[in-house]
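Q: What follows is the file upload-v3.txt, containing compact mmCIF, C-alpha atoms:
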# COMPACT_ATOMS: atom_id res chain seq x y z
CA MET A 1 -11.10 15.72 -2.08
CA LYS A 2 -14.79 16.54 -2.39
CA ARG A 3 -17.45 16.14 0.26
CA PHE A 4 -20.97 14.84 -0.19
CA GLY A 5 -23.69 14.10 2.32
CA LEU A 6 -27.25 13.31 3.32
CA ILE A 7 -29.62 15.58 5.23
CA GLY A 8 -32.79 14.40 6.94
CA PHE A 9 -34.04 13.40 10.35
CA PRO A 10 -33.51 11.19 12.30
CA LEU A 11 -31.13 9.28 9.90
CA ILE A 12 -30.83 6.29 12.22
CA ARG A 13 -30.10 3.91 9.34
CA SER A 14 -29.17 5.07 5.87
CA PHE A 15 -28.10 3.28 2.73
CA SER A 16 -26.31 6.24 1.14
CA PRO A 17 -23.03 6.47 3.13
CA SER A 18 -21.93 2.87 2.52
CA TYR A 19 -23.10 2.97 -1.10
CA PHE A 20 -21.13 6.08 -1.96
CA ARG A 21 -18.08 5.02 0.04
CA GLN A 22 -17.95 1.81 -1.97
CA LYS A 23 -18.38 3.83 -5.18
CA PHE A 24 -15.54 6.18 -4.24
CA GLU A 25 -13.25 3.24 -3.40
CA ALA A 26 -14.08 1.50 -6.67
CA LEU A 27 -13.30 4.68 -8.60
CA GLY A 28 -10.14 5.39 -6.62
CA LEU A 29 -11.46 8.76 -5.42
CA PRO A 30 -10.59 10.34 -2.05
CA HIS A 31 -14.10 11.76 -1.59
CA VAL A 32 -16.10 11.68 1.65
CA TYR A 33 -19.83 11.06 2.20
CA ARG A 34 -21.40 11.76 5.59
CA THR A 35 -24.83 11.96 7.17
CA HIS A 36 -26.01 15.25 8.65
CA PRO A 37 -29.13 14.87 10.82
CA MET A 38 -31.14 18.10 10.68
CA GLU A 39 -34.47 18.41 12.42
CA THR A 40 -35.09 21.72 10.63
CA LEU A 41 -33.41 23.42 7.68
CA GLU A 42 -33.07 26.89 9.18
CA ALA A 43 -29.27 26.60 9.31
CA LEU A 44 -28.81 24.71 6.03
CA ARG A 45 -27.25 27.49 3.95
CA GLY A 46 -24.92 28.51 6.77
CA PHE A 47 -23.91 24.88 7.22
CA ILE A 48 -23.10 24.56 3.50
CA ASP A 49 -21.29 27.89 3.41
CA MET A 50 -18.96 26.79 6.21
CA GLN A 51 -17.87 23.64 4.29
CA PRO A 52 -16.16 24.77 1.07
CA ASP A 53 -15.45 21.18 -0.03
CA LEU A 54 -19.15 20.21 0.13
CA VAL A 55 -20.42 19.92 -3.46
CA GLY A 56 -23.53 17.75 -3.23
CA LEU A 57 -26.26 16.64 -0.85
CA ASN A 58 -28.99 14.05 -0.85
CA VAL A 59 -32.25 14.93 0.89
CA THR A 60 -34.54 12.47 2.66
CA ILE A 61 -37.48 12.38 5.09
CA PRO A 62 -38.85 14.80 6.22
CA HIS A 63 -37.24 17.53 4.09
CA LYS A 64 -37.93 16.64 0.45
CA GLN A 65 -40.59 19.33 0.20
CA THR A 66 -39.52 21.87 2.83
CA VAL A 67 -36.04 22.12 1.29
CA LEU A 68 -37.48 23.86 -1.76
CA GLN A 69 -37.63 27.20 0.03
CA GLU A 70 -33.88 27.00 0.78
CA LEU A 71 -32.85 26.56 -2.87
CA ASP A 72 -31.94 29.04 -5.57
CA ALA A 73 -33.19 27.00 -8.53
CA LEU A 74 -35.01 23.78 -9.46
CA ASP A 75 -34.68 21.65 -12.52
CA ALA A 76 -37.87 21.12 -14.51
CA THR A 77 -38.66 17.69 -13.03
CA ALA A 78 -38.14 18.78 -9.42
CA GLU A 79 -40.32 21.82 -10.04
CA ALA A 80 -43.08 19.71 -11.57
CA VAL A 81 -42.92 17.13 -8.77
CA GLY A 82 -42.65 19.68 -5.97
CA ALA A 83 -40.00 17.67 -4.12
CA VAL A 84 -36.20 17.46 -4.13
CA ASN A 85 -33.87 14.62 -3.13
CA THR A 86 -30.59 15.90 -4.62
CA ILE A 87 -28.82 19.25 -4.33
CA VAL A 88 -25.96 20.43 -6.53
CA ILE A 89 -23.83 23.09 -4.81
CA LYS A 90 -21.99 25.77 -6.76
CA ARG A 91 -19.97 28.57 -5.14
CA GLN A 92 -18.90 30.87 -7.98
CA PRO A 93 -19.53 33.74 -8.07
CA HIS A 94 -21.63 33.04 -4.94
CA LEU A 95 -23.32 30.15 -3.19
CA HIS A 96 -25.97 28.68 -5.49
CA LEU A 97 -28.08 25.60 -4.67
CA THR A 98 -29.99 23.75 -7.39
CA GLY A 99 -32.52 21.05 -6.55
CA TYR A 100 -33.21 17.89 -8.55
CA ASN A 101 -35.44 14.86 -8.13
CA THR A 102 -33.64 11.64 -9.03
CA ASP A 103 -36.35 9.61 -7.26
CA VAL A 104 -38.30 10.03 -10.49
CA ILE A 105 -35.54 8.39 -12.54
CA GLY A 106 -35.01 5.59 -10.02
CA PHE A 107 -38.68 4.79 -9.52
CA GLU A 108 -39.65 4.90 -13.19
CA ARG A 109 -36.86 2.58 -14.32
CA SER A 110 -37.46 0.19 -11.45
CA LEU A 111 -41.24 0.17 -11.88
CA LEU A 112 -41.05 -0.55 -15.61
CA GLY A 113 -38.78 -3.49 -14.89
CA PHE A 114 -41.41 -4.74 -12.44
CA ILE A 115 -44.68 -4.31 -14.36
CA GLY A 116 -43.35 -4.63 -17.91
CA ASN A 117 -45.93 -3.56 -20.49
CA GLU A 118 -48.83 -3.65 -18.05
CA ARG A 119 -50.37 -0.40 -16.83
CA PRO A 120 -52.51 -1.47 -13.85
CA ALA A 121 -54.53 1.06 -11.87
CA ALA A 122 -52.65 2.02 -8.71
CA LEU A 123 -53.12 2.85 -5.05
CA VAL A 124 -50.40 5.19 -3.78
CA LEU A 125 -50.02 4.96 -0.02
CA GLY A 126 -48.80 8.28 1.39
CA THR A 127 -48.70 11.89 0.24
CA GLY A 128 -45.15 13.04 1.14
CA GLY A 129 -42.19 13.92 -1.05
CA ALA A 130 -41.58 10.36 -2.22
CA ALA A 131 -45.26 10.00 -3.12
CA LYS A 132 -45.01 13.11 -5.28
CA ALA A 133 -42.26 11.50 -7.35
CA VAL A 134 -44.31 8.30 -7.65
CA VAL A 135 -47.42 10.18 -8.77
CA PHE A 136 -45.38 12.12 -11.34
CA VAL A 137 -44.13 8.86 -12.85
CA LEU A 138 -47.59 7.28 -12.89
CA GLN A 139 -48.98 10.30 -14.70
CA ARG A 140 -46.14 10.18 -17.23
CA LEU A 141 -46.81 6.48 -17.87
CA GLY A 142 -50.56 6.96 -18.20
CA ILE A 143 -51.36 4.88 -15.10
CA SER A 144 -54.50 5.89 -13.23
CA TYR A 145 -54.13 6.10 -9.46
CA VAL A 146 -55.77 6.94 -6.16
CA GLN A 147 -53.77 8.31 -3.25
CA VAL A 148 -54.38 7.16 0.32
CA SER A 149 -53.44 8.94 3.54
CA ARG A 150 -54.32 8.92 7.22
CA THR A 151 -56.91 11.63 6.61
CA ALA A 152 -59.08 12.24 3.58
CA ALA A 153 -58.59 15.49 1.65
CA GLY A 154 -60.03 16.28 -1.77
CA GLU A 155 -59.39 13.27 -3.98
CA VAL A 156 -57.11 11.64 -1.38
CA LEU A 157 -58.82 8.78 0.45
CA ALA A 158 -58.36 7.85 4.09
CA TYR A 159 -57.40 4.27 4.92
CA GLU A 160 -60.75 3.65 6.60
CA GLN A 161 -62.48 4.40 3.27
CA LEU A 162 -60.80 1.45 1.57
CA ASN A 163 -62.48 -1.91 1.11
CA ALA A 164 -61.50 -5.20 -0.48
CA ALA A 165 -63.28 -4.38 -3.73
CA LEU A 166 -61.37 -1.12 -4.14
CA VAL A 167 -58.08 -2.87 -3.44
CA ALA A 168 -58.96 -5.60 -5.94
CA ALA A 169 -59.68 -2.94 -8.58
CA HIS A 170 -56.19 -1.44 -8.18
CA PRO A 171 -53.66 -4.20 -8.96
CA LEU A 172 -50.63 -1.96 -8.36
CA ILE A 173 -50.13 -0.84 -4.75
CA ILE A 174 -47.18 1.38 -3.90
CA ASN A 175 -46.12 2.10 -0.32
CA THR A 176 -44.34 5.45 -0.01
CA THR A 177 -44.76 5.70 3.78
CA PRO A 178 -42.05 4.83 6.36
CA LEU A 179 -44.09 1.85 7.59
CA GLY A 180 -41.79 -1.19 7.41
CA MET A 181 -38.63 0.91 7.70
CA ALA A 182 -36.06 -0.28 10.25
CA PRO A 183 -35.62 0.24 13.08
CA LEU A 184 -38.54 2.43 14.18
CA TYR A 185 -41.29 1.01 11.95
CA ALA A 186 -39.87 -2.39 10.95
CA ASP A 187 -42.87 -4.39 12.19
CA LEU A 188 -45.54 -2.05 10.85
CA LYS A 189 -47.50 -2.09 7.59
CA PRO A 190 -50.14 0.11 5.96
CA ASP A 191 -53.64 -0.55 7.26
CA LEU A 192 -55.22 -2.09 4.16
CA PRO A 193 -57.96 -4.66 3.62
CA TYR A 194 -55.40 -7.16 2.34
CA GLU A 195 -58.10 -9.71 1.53
CA GLY A 196 -58.55 -7.70 -1.68
CA VAL A 197 -54.99 -8.54 -2.80
CA GLY A 198 -54.62 -11.47 -5.19
CA ALA A 199 -52.32 -13.19 -7.66
CA GLY A 200 -52.79 -10.41 -10.20
CA HIS A 201 -51.41 -7.72 -7.89
CA PHE A 202 -48.07 -5.92 -7.92
CA LEU A 203 -46.96 -4.64 -4.51
CA TYR A 204 -44.08 -2.16 -4.59
CA ASP A 205 -42.54 -0.90 -1.36
CA LEU A 206 -40.16 2.08 -1.44
CA VAL A 207 -38.78 0.83 1.89
CA TYR A 208 -35.49 -0.94 1.23
CA HIS A 209 -34.12 -2.00 4.64
CA SER A 210 -35.80 -5.42 4.45
CA GLU A 211 -36.05 -7.67 1.42
CA VAL A 212 -39.60 -8.50 2.49
CA THR A 213 -41.37 -5.86 4.58
CA PRO A 214 -44.62 -6.70 6.43
CA PHE A 215 -46.49 -5.00 3.53
CA LEU A 216 -44.78 -7.19 0.95
CA ALA A 217 -45.26 -10.30 3.11
CA GLU A 218 -49.01 -9.75 2.89
CA GLY A 219 -48.71 -9.70 -0.89
CA LEU A 220 -46.57 -12.84 -1.04
CA ALA A 221 -49.03 -14.69 1.14
CA ARG A 222 -51.73 -13.97 -1.44
CA GLY A 223 -49.71 -14.77 -4.56
CA ALA A 224 -48.90 -11.20 -5.58
CA LYS A 225 -45.67 -10.09 -7.23
CA VAL A 226 -43.59 -7.94 -4.86
CA LYS A 227 -40.61 -5.60 -5.04
CA ASN A 228 -38.80 -3.49 -2.44
CA GLY A 229 -37.11 -0.14 -2.96
CA LEU A 230 -33.46 -1.21 -3.12
CA GLU A 231 -33.15 -1.11 -6.90
CA MET A 232 -34.83 2.30 -7.00
CA LEU A 233 -32.37 3.49 -4.37
CA HIS A 234 -29.38 2.36 -6.43
CA LEU A 235 -30.75 3.98 -9.58
CA GLN A 236 -31.55 7.32 -7.94
CA ALA A 237 -28.13 7.37 -6.22
CA ASP A 238 -26.35 6.78 -9.53
CA ALA A 239 -28.39 9.58 -11.10
CA ALA A 240 -27.40 11.90 -8.24
CA TRP A 241 -23.75 11.01 -8.75
CA GLU A 242 -24.03 11.91 -12.44
CA LEU A 243 -25.47 15.30 -11.50
CA TRP A 244 -22.66 15.98 -9.03
CA GLN A 245 -20.15 15.15 -11.74
CA GLY A 246 -21.71 17.77 -14.00
Could the structure of this file be written out as structure tokens, please?

A:
Amino acid sequence: MKRFGLIGFPLIRSFSPSYFRQKFEALGLPHVYRTHPMETLEALRGFIDMQPDLVGLNVTIPHKQTVLQELDALDATAEAVGAVNTIVIKRQPHLHLTGYNTDVIGFERSLLGFIGNERPAALVLGTGGAAKAVVFVLQRLGISYVQVSRTAAGEVLAYEQLNAALVAAHPLIINTTPLGMAPLYADLKPDLPYEGVGAGHFLYDLVYHSEVTPFLAEGLARGAKVKNGLEMLHLQADAAWELWQG
């Protein structure tokens, strides 16, 4: 038996345990996947060291960036992105933790299935670890973008700086924030001038708990194409599983 898990906080609702349990059952494997809420990562290495069967971890909010300082190595994509969502654990000849970013794989494949051959200018809502993976993919695909956050900093705009014309000029809008995530933020949406959204827009929400989040509902009401983060989640989870299998 091998153990796998998810670290983050608060981990009230998570897709990963049921997904991997179903995968293990389908493959006839006796493996275990559990959630491990961690407000900080100070005890992470000690926690891993005490569980010799633990061979892989997923990482979610708010630790995708702070976990980097706890790792021994990063693969090239994780290093370029500056965020990690998957850890491979080796123990011989000593404990060695390598970080990967499978969000990049999941988001890129899902986005291309959504926008096809189009390369519309994008607004990226949020600046956290998930946003870093999104920005990396946009750069790789040659898609121009503007990031938006609660406060302006450098080239990052604040929400209050947006107007309908700017939204209209960026047909791809990607929400990487927790707004819309159940249960804490289920009724919330990014504070955008949605009157700038039209039939030519693509609204992509990394939130996956609801088929139509409040953000996506605004797009549907204005004729936009919409997509939630469930497919991305499946794709990044499968990529993590491949890494854990070596």

Q: In Å, with one decimal, what is the gap from atom CA of A:Leu206 to atom CA of A:Gly99?

A: 21.1 Å

Q: Counting only C-alpha atoms, select every polymer residue within 7 Å of (-36.0, -2.7, 5.0) as defined in the file's coordinates, and provide the selection as number ranges by chain.

A: A: 180-182, 207-211, 213

Q: Which of these residues is nearest to A:Lys227, using only C-alpha atoms: A:Thr66, A:Asn175, A:Ser144, A:Asn58?

A: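 Selected residue with least distance to A:Lys227: A:Asn175.
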
Q: To one decimal in Å, tell me the separation between atom CA of A:Ala153 and atom CA of A:Val124.

A: 14.2 Å

Q: Would you please work out which residue, of A:Pro171, A:Gly5, A:Pro93, A:Gly82, is nearest to A:Val134 when using all atoms listed in the file?

A: A:Gly82

Q: State, in Å with one decimal place, the distance from atom CA of A:Leu71 to atom CA of A:Val137.

A: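 Computing the Euclidean distance for atom CA of A:Leu71 and atom CA of A:Val137 yields 23.2 Å.
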
Q: Using only C-alpha atoms, which of A:Leu111, A:Ile12, A:Leu44, A:Met50 sits nearest A:Gln69?

A: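 For A:Gln69, the nearest of the given residues is A:Leu44.
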
Q: Report as a tab-separated table the residues of stretch 31-125 of chain A within 12 Å of stretch 159-166 of chain A, each with its shortest atom pair and distance in Å (one decimal), using all atoms listed in the file, ordered by chain and increasing residue number.

A:
residue	atom	partner	partner_atom	distance
A:Ala121	CA	A:Leu166	CA	10.5
A:Ala122	CA	A:Leu166	CA	10.3
A:Leu123	CA	A:Leu166	CA	9.2
A:Val124	CA	A:Tyr159	CA	11.2
A:Leu125	CA	A:Tyr159	CA	8.9

Q: For A:Ser14, which residue out of A:Leu233, A:Ala152, A:Ala83, A:Ala239 is the nearest one, using all atoms listed in the file?

A: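 When distances to A:Ser14 are compared using all atoms listed in the file, the smallest one comes from A:Leu233.
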
Q: Which of these residues is nearest to A:Gln139, using only C-alpha atoms: A:Thr86, A:Glu39, A:Arg222, A:Val81?

A: A:Val81

Q: Considering only C-alpha atoms, can you say which of A:Gly246, A:Gly56, A:Gly229, A:Gly154 comes closest to A:Ser110?

A: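 Distance minimum relative to A:Ser110 lands on A:Gly229.
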
Q: Counting all atoms listed in the file, I want the residues whose atoms come within 9 Å of (-43.4, -9.9, -9.8) in the file frame, returned as a list in words.

A: Phe114, Ile115, His201, Phe202, Leu203, Ala224, Lys225, Val226 and Lys227 of chain A

Q: Around stretch 179-188 of chain A, fit a box with edges along x, y and z, padding it by 6 Å on each side, then list its centre and edge lengths in Å to one decimal as AutoDock Vina command-line options.

A:
--center_x -40.6 --center_y -1.0 --center_z 10.8 --size_x 21.9 --size_y 18.8 --size_z 18.8

Q: What's around A:Val212 at 8 Å? Count only C-alpha atoms, leave out sequence neighbours fewer than 4 positions away in its own chain, and write the answer as an MDAnalysis selection string.

A: chainID A and resid 216:217 228

Q: Quick one: residues within 9 Å of stretch 23-30 of chain A, only C-alpha atoms counted, chain neighbours fewer than 3 positions away excluded, as a count of residues only?

A: 5

Q: Can you spit out stretch 34-71 of chain A with N, CA and C atoms, as a PDB file, in the first residue's frame, from the structure just given?

A:
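Saved to part38.pdb:
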ATOM      1  N   ARG A  34      -5.548  10.929   1.381  1.00  0.00           N
ATOM      2  CA  ARG A  34      -6.184  11.666   2.466  1.00  0.00           C
ATOM      3  C   ARG A  34      -5.844  13.150   2.398  1.00  0.00           C
ATOM      4  N   THR A  35      -6.712  13.950   2.981  1.00  0.00           N
ATOM      5  CA  THR A  35      -6.452  15.385   3.091  1.00  0.00           C
ATOM      6  C   THR A  35      -5.728  15.676   4.391  1.00  0.00           C
ATOM      7  N   HIS A  36      -4.833  16.664   4.343  1.00  0.00           N
ATOM      8  CA  HIS A  36      -4.047  17.052   5.508  1.00  0.00           C
ATOM      9  C   HIS A  36      -4.064  18.576   5.626  1.00  0.00           C
ATOM     10  N   PRO A  37      -5.062  19.135   6.320  1.00  0.00           N
ATOM     11  CA  PRO A  37      -5.118  20.591   6.471  1.00  0.00           C
ATOM     12  C   PRO A  37      -3.883  21.099   7.220  1.00  0.00           C
ATOM     13  N   MET A  38      -3.195  22.059   6.624  1.00  0.00           N
ATOM     14  CA  MET A  38      -2.013  22.657   7.246  1.00  0.00           C
ATOM     15  C   MET A  38      -2.080  24.159   7.055  1.00  0.00           C
ATOM     16  N   GLU A  39      -2.200  24.864   8.162  1.00  0.00           N
ATOM     17  CA  GLU A  39      -2.261  26.326   8.079  1.00  0.00           C
ATOM     18  C   GLU A  39      -0.911  26.905   7.698  1.00  0.00           C
ATOM     19  N   THR A  40       0.173  26.283   8.193  1.00  0.00           N
ATOM     20  CA  THR A  40       1.534  26.645   7.797  1.00  0.00           C
ATOM     21  C   THR A  40       2.273  25.363   7.420  1.00  0.00           C
ATOM     22  N   LEU A  41       3.442  25.524   6.827  1.00  0.00           N
ATOM     23  CA  LEU A  41       4.214  24.368   6.373  1.00  0.00           C
ATOM     24  C   LEU A  41       5.459  24.115   7.215  1.00  0.00           C
ATOM     25  N   GLU A  42       5.511  24.707   8.399  1.00  0.00           N
ATOM     26  CA  GLU A  42       6.687  24.571   9.247  1.00  0.00           C
ATOM     27  C   GLU A  42       6.975  23.115   9.596  1.00  0.00           C
ATOM     28  N   ALA A  43       5.934  22.314   9.748  1.00  0.00           N
ATOM     29  CA  ALA A  43       6.118  20.918  10.159  1.00  0.00           C
ATOM     30  C   ALA A  43       6.008  19.936   8.997  1.00  0.00           C
ATOM     31  N   LEU A  44       6.047  20.437   7.753  1.00  0.00           N
ATOM     32  CA  LEU A  44       5.789  19.568   6.606  1.00  0.00           C
ATOM     33  C   LEU A  44       6.794  18.427   6.501  1.00  0.00           C
ATOM     34  N   ARG A  45       8.074  18.718   6.555  1.00  0.00           N
ATOM     35  CA  ARG A  45       9.080  17.677   6.370  1.00  0.00           C
ATOM     36  C   ARG A  45       9.012  16.645   7.502  1.00  0.00           C
ATOM     37  N   GLY A  46       8.791  17.109   8.719  1.00  0.00           N
ATOM     38  CA  GLY A  46       8.648  16.172   9.824  1.00  0.00           C
ATOM     39  C   GLY A  46       7.434  15.290   9.656  1.00  0.00           C
ATOM     40  N   PHE A  47       6.341  15.871   9.171  1.00  0.00           N
ATOM     41  CA  PHE A  47       5.116  15.127   8.905  1.00  0.00           C
ATOM     42  C   PHE A  47       5.376  14.030   7.870  1.00  0.00           C
ATOM     43  N   ILE A  48       6.059  14.383   6.786  1.00  0.00           N
ATOM     44  CA  ILE A  48       6.362  13.407   5.733  1.00  0.00           C
ATOM     45  C   ILE A  48       7.302  12.328   6.252  1.00  0.00           C
ATOM     46  N   ASP A  49       8.293  12.742   7.022  1.00  0.00           N
ATOM     47  CA  ASP A  49       9.292  11.801   7.521  1.00  0.00           C
ATOM     48  C   ASP A  49       8.676  10.736   8.427  1.00  0.00           C
ATOM     49  N   MET A  50       7.588  11.100   9.104  1.00  0.00           N
ATOM     50  CA  MET A  50       6.948  10.178  10.047  1.00  0.00           C
ATOM     51  C   MET A  50       5.994   9.202   9.352  1.00  0.00           C
ATOM     52  N   GLN A  51       5.780   9.366   8.025  1.00  0.00           N
ATOM     53  CA  GLN A  51       4.865   8.497   7.288  1.00  0.00           C
ATOM     54  C   GLN A  51       5.610   7.832   6.133  1.00  0.00           C
ATOM     55  N   PRO A  52       6.288   6.729   6.408  1.00  0.00           N
ATOM     56  CA  PRO A  52       7.145   6.108   5.390  1.00  0.00           C
ATOM     57  C   PRO A  52       6.410   5.619   4.149  1.00  0.00           C
ATOM     58  N   ASP A  53       5.088   5.420   4.233  1.00  0.00           N
ATOM     59  CA  ASP A  53       4.324   4.971   3.065  1.00  0.00           C
ATOM     60  C   ASP A  53       3.864   6.129   2.179  1.00  0.00           C
ATOM     61  N   LEU A  54       4.070   7.368   2.633  1.00  0.00           N
ATOM     62  CA  LEU A  54       3.622   8.543   1.885  1.00  0.00           C
ATOM     63  C   LEU A  54       4.593   8.816   0.743  1.00  0.00           C
ATOM     64  N   VAL A  55       4.097   8.738  -0.502  1.00  0.00           N
ATOM     65  CA  VAL A  55       4.980   8.875  -1.662  1.00  0.00           C
ATOM     66  C   VAL A  55       4.628  10.068  -2.560  1.00  0.00           C
ATOM     67  N   GLY A  56       3.492  10.709  -2.319  1.00  0.00           N
ATOM     68  CA  GLY A  56       3.124  11.837  -3.157  1.00  0.00           C
ATOM     69  C   GLY A  56       2.106  12.743  -2.504  1.00  0.00           C
ATOM     70  N   LEU A  57       2.223  14.042  -2.761  1.00  0.00           N
ATOM     71  CA  LEU A  57       1.282  15.020  -2.224  1.00  0.00           C
ATOM     72  C   LEU A  57       0.854  15.986  -3.318  1.00  0.00           C
ATOM     73  N   ASN A  58      -0.411  16.381  -3.258  1.00  0.00           N
ATOM     74  CA  ASN A  58      -0.879  17.540  -4.000  1.00  0.00           C
ATOM     75  C   ASN A  58      -0.844  18.745  -3.075  1.00  0.00           C
ATOM     76  N   VAL A  59      -0.704  19.913  -3.659  1.00  0.00           N
ATOM     77  CA  VAL A  59      -0.618  21.160  -2.895  1.00  0.00           C
ATOM     78  C   VAL A  59      -1.659  22.129  -3.437  1.00  0.00           C
ATOM     79  N   THR A  60      -2.444  22.729  -2.537  1.00  0.00           N
ATOM     80  CA  THR A  60      -3.442  23.701  -2.974  1.00  0.00           C
ATOM     81  C   THR A  60      -3.360  24.961  -2.124  1.00  0.00           C
ATOM     82  N   ILE A  61      -4.329  25.859  -2.301  1.00  0.00           N
ATOM     83  CA  ILE A  61      -4.372  27.140  -1.609  1.00  0.00           C
ATOM     84  C   ILE A  61      -4.209  26.943  -0.106  1.00  0.00           C
ATOM     85  N   PRO A  62      -3.357  27.707   0.577  1.00  0.00           N
ATOM     86  CA  PRO A  62      -2.584  28.858   0.079  1.00  0.00           C
ATOM     87  C   PRO A  62      -1.103  28.560  -0.085  1.00  0.00           C
ATOM     88  N   HIS A  63      -0.724  27.308  -0.339  1.00  0.00           N
ATOM     89  CA  HIS A  63       0.681  26.909  -0.211  1.00  0.00           C
ATOM     90  C   HIS A  63       1.426  26.678  -1.525  1.00  0.00           C
ATOM     91  N   LYS A  64       0.826  26.967  -2.665  1.00  0.00           N
ATOM     92  CA  LYS A  64       1.477  26.632  -3.928  1.00  0.00           C
ATOM     93  C   LYS A  64       2.793  27.376  -4.142  1.00  0.00           C
ATOM     94  N   GLN A  65       2.934  28.534  -3.522  1.00  0.00           N
ATOM     95  CA  GLN A  65       4.183  29.281  -3.632  1.00  0.00           C
ATOM     96  C   GLN A  65       5.062  29.082  -2.392  1.00  0.00           C
ATOM     97  N   THR A  66       4.475  29.122  -1.217  1.00  0.00           N
ATOM     98  CA  THR A  66       5.279  29.009   0.003  1.00  0.00           C
ATOM     99  C   THR A  66       5.921  27.635   0.149  1.00  0.00           C
ATOM    100  N   VAL A  67       5.365  26.622  -0.503  1.00  0.00           N
ATOM    101  CA  VAL A  67       5.938  25.271  -0.386  1.00  0.00           C
ATOM    102  C   VAL A  67       7.310  25.177  -1.046  1.00  0.00           C
ATOM    103  N   LEU A  68       7.632  26.084  -1.928  1.00  0.00           N
ATOM    104  CA  LEU A  68       8.905  26.001  -2.645  1.00  0.00           C
ATOM    105  C   LEU A  68      10.096  25.945  -1.698  1.00  0.00           C
ATOM    106  N   GLN A  69      10.028  26.689  -0.611  1.00  0.00           N
ATOM    107  CA  GLN A  69      11.158  26.742   0.311  1.00  0.00           C
ATOM    108  C   GLN A  69      11.327  25.456   1.115  1.00  0.00           C
ATOM    109  N   GLU A  70      10.337  24.559   1.059  1.00  0.00           N
ATOM    110  CA  GLU A  70      10.424  23.287   1.787  1.00  0.00           C
ATOM    111  C   GLU A  70      10.945  22.153   0.905  1.00  0.00           C
ATOM    112  N   LEU A  71      11.174  22.422  -0.379  1.00  0.00           N
ATOM    113  CA  LEU A  71      11.515  21.370  -1.325  1.00  0.00           C
ATOM    114  C   LEU A  71      13.018  21.301  -1.595  1.00  0.00           C
TER     115      LEU A  71
END
